[in-house]
Structure formats: C-alpha cells, structure tokens
>>> print(open('protein_22.txt').read())   # compact mmCIF, N, CA and C atoms
# COMPACT_ATOMS: atom_id res chain seq x y z
N MET A 1 17.92 -9.95 43.68
CA MET A 1 16.73 -9.17 43.88
C MET A 1 15.72 -10.01 44.66
N HIS A 2 15.12 -9.41 45.66
CA HIS A 2 14.19 -10.12 46.51
C HIS A 2 12.76 -9.67 46.20
N PHE A 3 11.90 -10.63 45.89
CA PHE A 3 10.50 -10.33 45.61
C PHE A 3 9.68 -10.67 46.84
N PRO A 4 8.82 -9.77 47.28
CA PRO A 4 7.98 -10.09 48.44
C PRO A 4 6.97 -11.18 48.10
N ARG A 5 6.69 -12.02 49.05
CA ARG A 5 5.73 -13.09 48.82
C ARG A 5 4.31 -12.55 48.90
N ARG A 6 3.48 -13.09 48.04
CA ARG A 6 2.07 -12.71 48.09
C ARG A 6 1.42 -13.38 49.27
N PRO A 7 0.51 -12.69 49.92
CA PRO A 7 -0.16 -13.32 51.05
C PRO A 7 -1.02 -14.49 50.59
N ARG A 8 -1.06 -15.51 51.38
CA ARG A 8 -1.84 -16.69 51.04
C ARG A 8 -3.32 -16.41 51.23
N ILE A 9 -4.12 -16.83 50.25
CA ILE A 9 -5.56 -16.59 50.31
C ILE A 9 -6.24 -17.90 50.61
N ASP A 10 -7.13 -17.88 51.59
CA ASP A 10 -7.89 -19.07 51.94
C ASP A 10 -8.90 -19.33 50.82
N THR A 11 -8.88 -20.51 50.23
CA THR A 11 -9.76 -20.80 49.09
C THR A 11 -11.23 -20.82 49.48
N ASP A 12 -11.55 -21.19 50.70
CA ASP A 12 -12.95 -21.16 51.13
C ASP A 12 -13.47 -19.74 51.15
N GLU A 13 -12.63 -18.81 51.57
CA GLU A 13 -13.02 -17.41 51.64
C GLU A 13 -13.25 -16.83 50.25
N VAL A 14 -12.42 -17.19 49.28
CA VAL A 14 -12.53 -16.66 47.92
C VAL A 14 -13.77 -17.22 47.22
N SER A 15 -14.06 -18.50 47.39
CA SER A 15 -15.18 -19.10 46.69
C SER A 15 -16.53 -18.59 47.18
N ASP A 16 -16.59 -18.08 48.39
CA ASP A 16 -17.85 -17.56 48.92
C ASP A 16 -18.10 -16.11 48.54
N ARG A 17 -17.09 -15.43 48.02
CA ARG A 17 -17.19 -14.01 47.75
C ARG A 17 -17.74 -13.76 46.34
N TRP A 18 -18.56 -12.72 46.18
CA TRP A 18 -19.11 -12.30 44.89
C TRP A 18 -17.99 -11.67 44.08
N GLN A 19 -17.82 -12.10 42.84
CA GLN A 19 -16.76 -11.58 41.98
C GLN A 19 -17.37 -10.97 40.73
N PRO A 20 -17.76 -9.70 40.79
CA PRO A 20 -18.47 -9.09 39.66
C PRO A 20 -17.63 -9.00 38.39
N ARG A 21 -16.32 -8.78 38.49
CA ARG A 21 -15.50 -8.70 37.29
C ARG A 21 -15.46 -10.04 36.55
N LEU A 22 -15.35 -11.12 37.30
CA LEU A 22 -15.32 -12.45 36.70
C LEU A 22 -16.64 -12.74 35.99
N TYR A 23 -17.75 -12.47 36.65
CA TYR A 23 -19.05 -12.73 36.05
C TYR A 23 -19.30 -11.79 34.87
N GLY A 24 -18.82 -10.57 34.96
CA GLY A 24 -18.96 -9.64 33.84
C GLY A 24 -18.20 -10.14 32.62
N ARG A 25 -16.99 -10.63 32.83
CA ARG A 25 -16.19 -11.17 31.72
C ARG A 25 -16.85 -12.41 31.13
N LEU A 26 -17.40 -13.27 31.98
CA LEU A 26 -18.08 -14.46 31.48
C LEU A 26 -19.31 -14.10 30.65
N ILE A 27 -20.05 -13.09 31.08
CA ILE A 27 -21.23 -12.65 30.34
C ILE A 27 -20.82 -12.08 28.99
N VAL A 28 -19.78 -11.24 28.97
CA VAL A 28 -19.30 -10.66 27.71
C VAL A 28 -18.81 -11.77 26.77
N LEU A 29 -18.08 -12.74 27.31
CA LEU A 29 -17.61 -13.86 26.50
C LEU A 29 -18.79 -14.65 25.93
N GLY A 30 -19.81 -14.90 26.74
CA GLY A 30 -21.00 -15.62 26.26
C GLY A 30 -21.72 -14.86 25.16
N VAL A 31 -21.83 -13.54 25.30
CA VAL A 31 -22.48 -12.72 24.28
C VAL A 31 -21.67 -12.75 22.98
N LEU A 32 -20.33 -12.67 23.09
CA LEU A 32 -19.49 -12.72 21.89
C LEU A 32 -19.59 -14.07 21.19
N VAL A 33 -19.63 -15.15 21.94
CA VAL A 33 -19.77 -16.48 21.33
C VAL A 33 -21.13 -16.60 20.65
N ALA A 34 -22.18 -16.13 21.31
CA ALA A 34 -23.52 -16.17 20.70
C ALA A 34 -23.56 -15.33 19.43
N TYR A 35 -22.92 -14.17 19.45
CA TYR A 35 -22.88 -13.32 18.25
C TYR A 35 -22.13 -14.02 17.12
N ALA A 36 -21.01 -14.66 17.43
CA ALA A 36 -20.23 -15.36 16.41
C ALA A 36 -21.05 -16.49 15.79
N ILE A 37 -21.77 -17.23 16.61
CA ILE A 37 -22.61 -18.32 16.09
C ILE A 37 -23.72 -17.76 15.20
N ALA A 38 -24.36 -16.68 15.64
CA ALA A 38 -25.41 -16.06 14.84
C ALA A 38 -24.85 -15.51 13.52
N PHE A 39 -23.64 -14.96 13.58
CA PHE A 39 -22.99 -14.43 12.37
C PHE A 39 -22.77 -15.54 11.35
N VAL A 40 -22.27 -16.66 11.80
CA VAL A 40 -22.02 -17.79 10.89
C VAL A 40 -23.33 -18.31 10.33
N LEU A 41 -24.35 -18.45 11.17
CA LEU A 41 -25.63 -18.99 10.71
C LEU A 41 -26.32 -18.06 9.71
N GLU A 42 -26.17 -16.75 9.90
CA GLU A 42 -26.81 -15.80 8.99
C GLU A 42 -26.09 -15.68 7.65
N ASN A 43 -24.83 -16.07 7.60
CA ASN A 43 -24.03 -15.87 6.39
C ASN A 43 -23.58 -17.19 5.78
N ARG A 44 -24.44 -18.19 5.82
CA ARG A 44 -24.12 -19.50 5.25
C ARG A 44 -24.37 -19.59 3.76
N LYS A 45 -25.05 -18.62 3.20
CA LYS A 45 -25.44 -18.66 1.79
C LYS A 45 -24.21 -18.74 0.88
N GLN A 46 -24.31 -19.51 -0.18
CA GLN A 46 -23.24 -19.65 -1.17
C GLN A 46 -23.28 -18.47 -2.13
N VAL A 47 -22.12 -17.90 -2.42
CA VAL A 47 -22.03 -16.79 -3.37
C VAL A 47 -20.94 -17.10 -4.38
N SER A 48 -21.04 -16.49 -5.54
CA SER A 48 -20.00 -16.64 -6.56
C SER A 48 -19.00 -15.52 -6.42
N VAL A 49 -17.73 -15.89 -6.43
CA VAL A 49 -16.64 -14.92 -6.38
C VAL A 49 -15.95 -14.97 -7.73
N HIS A 50 -15.92 -13.84 -8.42
CA HIS A 50 -15.35 -13.78 -9.76
C HIS A 50 -13.94 -13.20 -9.68
N PHE A 51 -12.96 -14.05 -9.97
CA PHE A 51 -11.59 -13.60 -10.08
C PHE A 51 -11.34 -13.24 -11.54
N VAL A 52 -10.19 -12.77 -11.86
CA VAL A 52 -9.92 -12.35 -13.23
C VAL A 52 -10.01 -13.53 -14.19
N LEU A 53 -9.43 -14.66 -13.80
CA LEU A 53 -9.39 -15.80 -14.71
C LEU A 53 -10.30 -16.96 -14.28
N ALA A 54 -10.95 -16.85 -13.15
CA ALA A 54 -11.75 -17.97 -12.66
C ALA A 54 -12.90 -17.46 -11.80
N THR A 55 -13.84 -18.37 -11.56
CA THR A 55 -14.97 -18.09 -10.68
C THR A 55 -15.07 -19.23 -9.68
N ALA A 56 -15.37 -18.88 -8.43
CA ALA A 56 -15.50 -19.89 -7.38
C ALA A 56 -16.77 -19.63 -6.59
N ARG A 57 -17.37 -20.70 -6.10
CA ARG A 57 -18.53 -20.57 -5.20
C ARG A 57 -18.06 -20.88 -3.80
N VAL A 58 -18.38 -19.98 -2.89
CA VAL A 58 -17.91 -20.11 -1.51
C VAL A 58 -18.98 -19.58 -0.58
N SER A 59 -18.96 -20.06 0.64
CA SER A 59 -19.90 -19.57 1.65
C SER A 59 -19.56 -18.11 1.98
N LEU A 60 -20.57 -17.30 2.14
CA LEU A 60 -20.39 -15.87 2.38
C LEU A 60 -19.57 -15.61 3.65
N VAL A 61 -19.76 -16.42 4.68
CA VAL A 61 -19.03 -16.19 5.92
C VAL A 61 -17.52 -16.34 5.70
N TRP A 62 -17.10 -17.30 4.85
CA TRP A 62 -15.68 -17.46 4.58
C TRP A 62 -15.13 -16.28 3.78
N LEU A 63 -15.94 -15.76 2.89
CA LEU A 63 -15.53 -14.60 2.12
C LEU A 63 -15.34 -13.38 3.03
N ILE A 64 -16.26 -13.18 3.95
CA ILE A 64 -16.16 -12.07 4.90
C ILE A 64 -14.93 -12.23 5.78
N LEU A 65 -14.70 -13.44 6.30
CA LEU A 65 -13.55 -13.68 7.17
C LEU A 65 -12.23 -13.54 6.40
N LEU A 66 -12.21 -13.96 5.14
CA LEU A 66 -11.02 -13.78 4.32
C LEU A 66 -10.73 -12.30 4.11
N ALA A 67 -11.75 -11.52 3.80
CA ALA A 67 -11.57 -10.09 3.61
C ALA A 67 -11.09 -9.43 4.91
N LEU A 68 -11.63 -9.85 6.04
CA LEU A 68 -11.19 -9.32 7.33
C LEU A 68 -9.72 -9.66 7.58
N GLY A 69 -9.33 -10.90 7.30
CA GLY A 69 -7.95 -11.31 7.50
C GLY A 69 -6.98 -10.56 6.60
N VAL A 70 -7.34 -10.41 5.33
CA VAL A 70 -6.47 -9.68 4.40
C VAL A 70 -6.36 -8.21 4.84
N GLY A 71 -7.46 -7.63 5.27
CA GLY A 71 -7.42 -6.24 5.74
C GLY A 71 -6.57 -6.07 6.98
N LEU A 72 -6.69 -6.99 7.94
CA LEU A 72 -5.87 -6.91 9.15
C LEU A 72 -4.39 -7.08 8.82
N LEU A 73 -4.08 -8.05 7.99
CA LEU A 73 -2.69 -8.29 7.60
C LEU A 73 -2.11 -7.08 6.86
N GLY A 74 -2.89 -6.53 5.95
CA GLY A 74 -2.43 -5.33 5.23
C GLY A 74 -2.22 -4.15 6.17
N GLY A 75 -3.10 -3.97 7.13
CA GLY A 75 -2.95 -2.88 8.10
C GLY A 75 -1.71 -3.06 8.96
N ILE A 76 -1.44 -4.28 9.39
CA ILE A 76 -0.25 -4.54 10.20
C ILE A 76 1.01 -4.28 9.39
N LEU A 77 1.03 -4.76 8.14
CA LEU A 77 2.22 -4.54 7.30
C LEU A 77 2.44 -3.06 7.01
N LEU A 78 1.37 -2.32 6.74
CA LEU A 78 1.52 -0.89 6.50
C LEU A 78 2.00 -0.15 7.75
N ALA A 79 1.53 -0.56 8.92
CA ALA A 79 1.99 0.06 10.16
C ALA A 79 3.47 -0.22 10.38
N GLN A 80 3.93 -1.44 10.06
CA GLN A 80 5.35 -1.76 10.20
C GLN A 80 6.19 -0.93 9.23
N LEU A 81 5.72 -0.77 8.00
CA LEU A 81 6.45 0.05 7.03
C LEU A 81 6.53 1.50 7.49
N GLU A 82 5.45 2.02 8.03
CA GLU A 82 5.43 3.40 8.53
C GLU A 82 6.39 3.56 9.71
N ARG A 83 6.40 2.57 10.61
CA ARG A 83 7.30 2.63 11.75
C ARG A 83 8.76 2.61 11.29
N ARG A 84 9.06 1.75 10.30
CA ARG A 84 10.43 1.67 9.77
C ARG A 84 10.82 2.99 9.11
N ARG A 85 9.89 3.59 8.37
CA ARG A 85 10.18 4.86 7.70
C ARG A 85 10.46 5.96 8.71
N ARG A 86 9.67 6.02 9.79
CA ARG A 86 9.89 7.03 10.83
C ARG A 86 11.22 6.81 11.53
N ARG A 87 11.56 5.55 11.81
CA ARG A 87 12.81 5.25 12.48
C ARG A 87 14.00 5.68 11.63
N ARG A 88 13.93 5.41 10.33
CA ARG A 88 15.03 5.82 9.43
C ARG A 88 15.14 7.33 9.32
N SER A 89 14.01 8.02 9.32
CA SER A 89 14.08 9.50 9.22
C SER A 89 14.63 10.09 10.51
N HIS A 90 14.38 9.48 11.67
CA HIS A 90 14.94 9.96 12.94
C HIS A 90 16.44 9.67 13.02
N GLU A 91 16.87 8.54 12.46
CA GLU A 91 18.29 8.18 12.49
C GLU A 91 19.10 9.10 11.58
N SER A 92 18.55 9.51 10.46
CA SER A 92 19.30 10.34 9.51
C SER A 92 19.37 11.79 9.96
N SER A 93 18.46 12.24 10.84
CA SER A 93 18.50 13.65 11.27
C SER A 93 19.35 13.88 12.48
>>> encode(input="protein_22.txt", output="structure tokens")
Amino acid sequence: MHFPRRPRIDTDEVSDRWQPRLYGRLIVLGVLVAYAIAFVLENRKQVSVHFVLATARVSLVWLILLALGVGLLGGILLAQLERRRRRRSHESS
C-alpha cells in the first residue's frame, strides 16, 4: 500500500501565522488548571469520615476525589456488564 507524502511546510511560514485553535486550547487548559488549583485550595479543610467500624480524618478534597473515582469506576464496570448482557442476548437470538 502506498501512502502519499505530506507536503513539506516551511517552519518560518508556520511560526508567523496566527493559530487560533492552538491559542484557544492553551487558554482552556490554563482555565482548567486554575480551576483545579482553586478547587484544591477551597477544599483543604479536614473532615471526619465515619466508617462502620472506624473513623478517619481526611482532607475534603481527597474525599471528593475518592468519591469521583469510585463513581467513575462503578459506571465503567456497569457499562461493561450491560454491554456483555446485550452481546449475550444478541448471540442467543
């Protein structure tokens, strides 16, 4: 299989050109990083977490991130189970 070669781009020409998509992505990335930093700083307070047999003190931001991680993992696992169930029902019919 033959792949056509991409045309060579002069680097001087590219560096002089305005690239709105690149700058837009950099701005969005900067805003997300600033939001993440503000999120951590706002949720530094220590809270007590009561388990059935024990109690622990942990920073609120870690508790939020743990809950997010458990929720994402649970959602992925449930989606995989649903996909497997659908695949088996299609194979049996």
>>> residues_near_point(input="protein_22.txt", point="(-22.0, -16.0, 7.6)", cutoff="6.5 Å", atoms="all atoms listed in the file", output="number ranges by chain")
A: 39-45, 59-62
>>> select_by_dssp(input="protein_22.txt", residues="range 4-90 of chain A", states="strand (DSSP E or B)", output="ChimeraX atom specification")
/A:46-50,55-59
>>> atom_distance(input="protein_22.txt", atom1="atom C of Arg17 in chain A", atom2="atom N of Val31 in chain A")
21.4 Å
>>> select_by_dssp(input="protein_22.txt", residues="chain A", states="alpha helix (DSSP H)", output="JSON, numbers by chain")
{"A": [11, 12, 13, 14, 15, 20, 21, 22, 23, 24, 25, 26, 27, 28, 29, 30, 31, 32, 33, 34, 35, 36, 37, 38, 39, 40, 41, 42, 60, 61, 62, 63, 64, 65, 66, 67, 68, 69, 70, 71, 72, 73, 74, 75, 76, 77, 78, 79, 80, 81, 82, 83, 84, 85, 86, 87, 88, 89, 90, 91, 92]}
>>> atom_distance(input="protein_22.txt", atom1="CA of Gln46 in chain A", atom2="CA of Leu65 in chain A")
14.1 Å
>>> atom_distance(input="protein_22.txt", atom1="CA of Ile27 in chain A", atom2="CA of Ile64 in chain A")
25.9 Å
